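Read through the structure below, which is laid out as structure tokens, and then see the notes.
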6 protein chains.
Amino acid sequence: MPTVHVTRKVHFNAAHRLHNPEKSEAWNEEMFGPCSNPNWHGHNYVLEVTVAGEPDPETGYVVDLGALKSVLNERVVDRVDHKNLNLEVDFMDGVIPSTENFAIEIWDQLEGHLPSGQLHRVRLYETPRNFVEYYGDGSSS
Amino acid sequence: MPTVHVTRKVHFNAAHRLHNPEKSEAWNEEMFGPCSNPNWHGHNYVLEVTVAGEPDPETGYVVDLGALKSVLNERVVDRVDHKNLNLEVDFMDGVIPSTENFAIEIWDQLEGHLPSGQLHRVRLYETPRNFVEYYGDGSSS
Amino acid sequence: MPTVHVTRKVHFNAAHRLHNPEKSEAWNEEMFGPCSNPNWHGHNYVLEVTVAGEPDPETGYVVDLGALKSVLNERVVDRVDHKNLNLEVDFMDGVIPSTENFAIEIWDQLEGHLPSGQLHRVRLYETPRNFVEYYGDGSSS
Amino acid sequence: MPTVHVTRKVHFNAAHRLHNPEKSEAWNEEMFGPCSNPNWHGHNYVLEVTVAGEPDPETGYVVDLGALKSVLNERVVDRVDHKNLNLEVDFMDGVIPSTENFAIEIWDQLEGHLPSGQLHRVRLYETPRNFVEYYGDGSSS
Amino acid sequence: MPTVHVTRKVHFNAAHRLHNPEKSEAWNEEMFGPCSNPNWHGHNYVLEVTVAGEPDPETGYVVDLGALKSVLNERVVDRVDHKNLNLEVDFMDGVIPSTENFAIEIWDQLEGHLPSGQLHRVRLYETPRNFVEYYGDGSSS
Amino acid sequence: MPTVHVTRKVHFNAAHRLHNPEKSEAWNEEMFGPCSNPNWHGHNYVLEVTVAGEPDPETGYVVDLGALKSVLNERVVDRVDHKNLNLEVDFMDGVIPSTENFAIEIWDQLEGHLPSGQLHRVRLYETPRNFVEYYGDGSSS
């Protein structure tokens, strides 16, 4: 049976600050510049989650997009939307909230929780000009 | 010689209904919800077809995009645009018109009919928020 | 106090057919071509509703976008999403579902029902390449 | 001579919180919900500034877009990008940072500072789904 | 009867150079910078043409979009697509091809040639970040 | 440590002509049609460069996007923006400027010059409807 990749796009916004608490403010300022502003800044994030699998012969679905959307909301969007990524998101605790790290943590929140299919890719846009993609530890694009 | 992937985007619109005729209306209603509305609904589909190959030294082309567009129109767009996918499209006959199944059938209509290069990927957007990708039976992303 | 225009974008999809039931099938076929396909076709519509007013000094809002979204859903989206515009939408009864006519009817469903402010414009995209704008009977752009 | 409207789009991101300091936290929480999160949230703003005027016969320009971009950067973008709108932006001091109020204040920063032409409209997207337009006190769309 | 505005989007690409032949090369270089490169540069233009009118009671159309597209192609797109605006486009002869001037000339090519309705606005994107709007000599936005 | 792919989008515009100087004008005209117009045409190109690597534990970055942007500007954008690809770009000398060939040459300009990480993919849009992807000689998607 053929494998198809299905992607669902969702969005949220959040405040954050790039900041390594083990380093001095001067180091953070030099390394991150305005992205380390102690008064925060924020983004409209766009998250695209891709699930791989064989379409179910009875439905034609790799994954029910309504069920997938519910998982994305419960596991990710509801926990980060209108939140401060440094202060309020448990799964980002102790993690520098770069887009790279955020995508990895989102993967970990989703893996094993999909209604069907295999998690294939997390693509996260921080702005329309910058995005990251994560395929899990053992895979590559 | 290097391999380059070339993608052409086209669009069309169509009506459809997610419906498994071997199941009861109640099963379809429960499984597909409003997507199974017997009075139909529809979408503006966006189709991106990717062809892989080495650029021809005389033209710099992997594939002539004008010739590719003609194939996409003849083999796909002209047969589905402003049509009902359940009732009027021969290559969808007997297929539940999920985006997954539709992408697989589009692949089968295109493979072996390209002006040059190898069919690499069919990406099909049902809405700007949902899309599927198909790489053929033996490949993966 | 200054007037500001606030716009909220929502989306839905629907099936329709351009068809004037007072005319012959031949007339409809000649006038509307594939848009009159008796087996229907459909679109992902994008609706942008603009409200004009003075920001409330206590909130800075012309209109609460959450309340506006609720009105858009109740008065429009929930009644047309995944529906057949010719057969199932009461406020389109007896109306040829061109984008022009559809926008006028959406205006009539919204006027007088906004949480605050004045309805200024209904912009309706049938495809990313075609859209209409309606400003109500007495106004113009 | 004909009047032409010229628009330049720029972008920035910022943190903010909808909060009326003259009201209780309970009032703010009820009125603004998650938009009033004391830990902030943020957006990728898109700003479109429209200038009206007659094209200069020697250049064909209503306004030199390079000079306009410099004004937009100096007067707005450099003062708000990667900033907290409630805490760090002098021209937002004492203003509830709704998109409506923010657009009015941006107008006031730009009017009288354009290289040529008349400021016609400030359009500000807070998200791709929500935007406001401001035409100055005495005008309308 | 209500007035509705209908917009059709088309696209083309062209080469051009901002250059006033009555001025010296030094003047052009200083005024236009890289936009005056004697070896040309180019753009993917997007043209949005808006027509105002009352929907025809028999069709629901302000203007038949297929007929409008034909006029846009014949009067504009076919004469500028893949062309050099300074050298090869008769209606741009003697005109500095700024976006402002180009929009005015496009208006003049279209006015009086529409299938139905009144020409209301020509919106021309030179890039996704810069666009101009022209409403004809006697009107304004 | 996990591998993440980071993409930065930049844009520029240029003139070009598809033309093989070893062939006759008639051959070029037949092969390339209007794309071979001796008076040139042009495009707004969009370039997406993807870098693969492990996030640095101290910064969370695979690559500093500011440093990456500087490299993209110095190595590519500043050398092609507002230029004629056939006449003025040294790294395109002797290369037919198809999108395929252009992407390969951009890869060669970037490889070995990144601030950190491995160059993974060059994606180049010639128009919003056509793009190519290049993964280097030895890799594939």
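Going through the structure tokens in order, the chains are called A, B, and so on, while each chain numbers its residues from 1 and the ligands are numbered from 1 in the order shown.
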
Using only C-alpha atoms and a cut-off of 7 Å, which residues of chain C sit close to chain E? Please list them as a ChimeraX atom specification. /C:20,96,98,100-101,129-134,137,141

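Shell of Gly94 (chain D) at 10 Å, with only C-alpha atoms counted and residues fewer than 4 places along the chain excluded, is Asn20, Pro21, Asn86, Leu87 and Asp90 of chain D.
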
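Closest to His43 (chain E) among E:Val80, E:Leu124, E:Ala14, E:Met92 is E:Ala14, based on only C-alpha atoms.
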
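The spacing separating CA of Asn37 (chain B) from CA of Val122 (chain C) amounts to 27.1 Å.
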
Could you pull the residues within 7 Å of Cys35 (chain E), counting only C-alpha atoms, minus those fewer than 6 positions along the same chain, as a count of residues only? 3
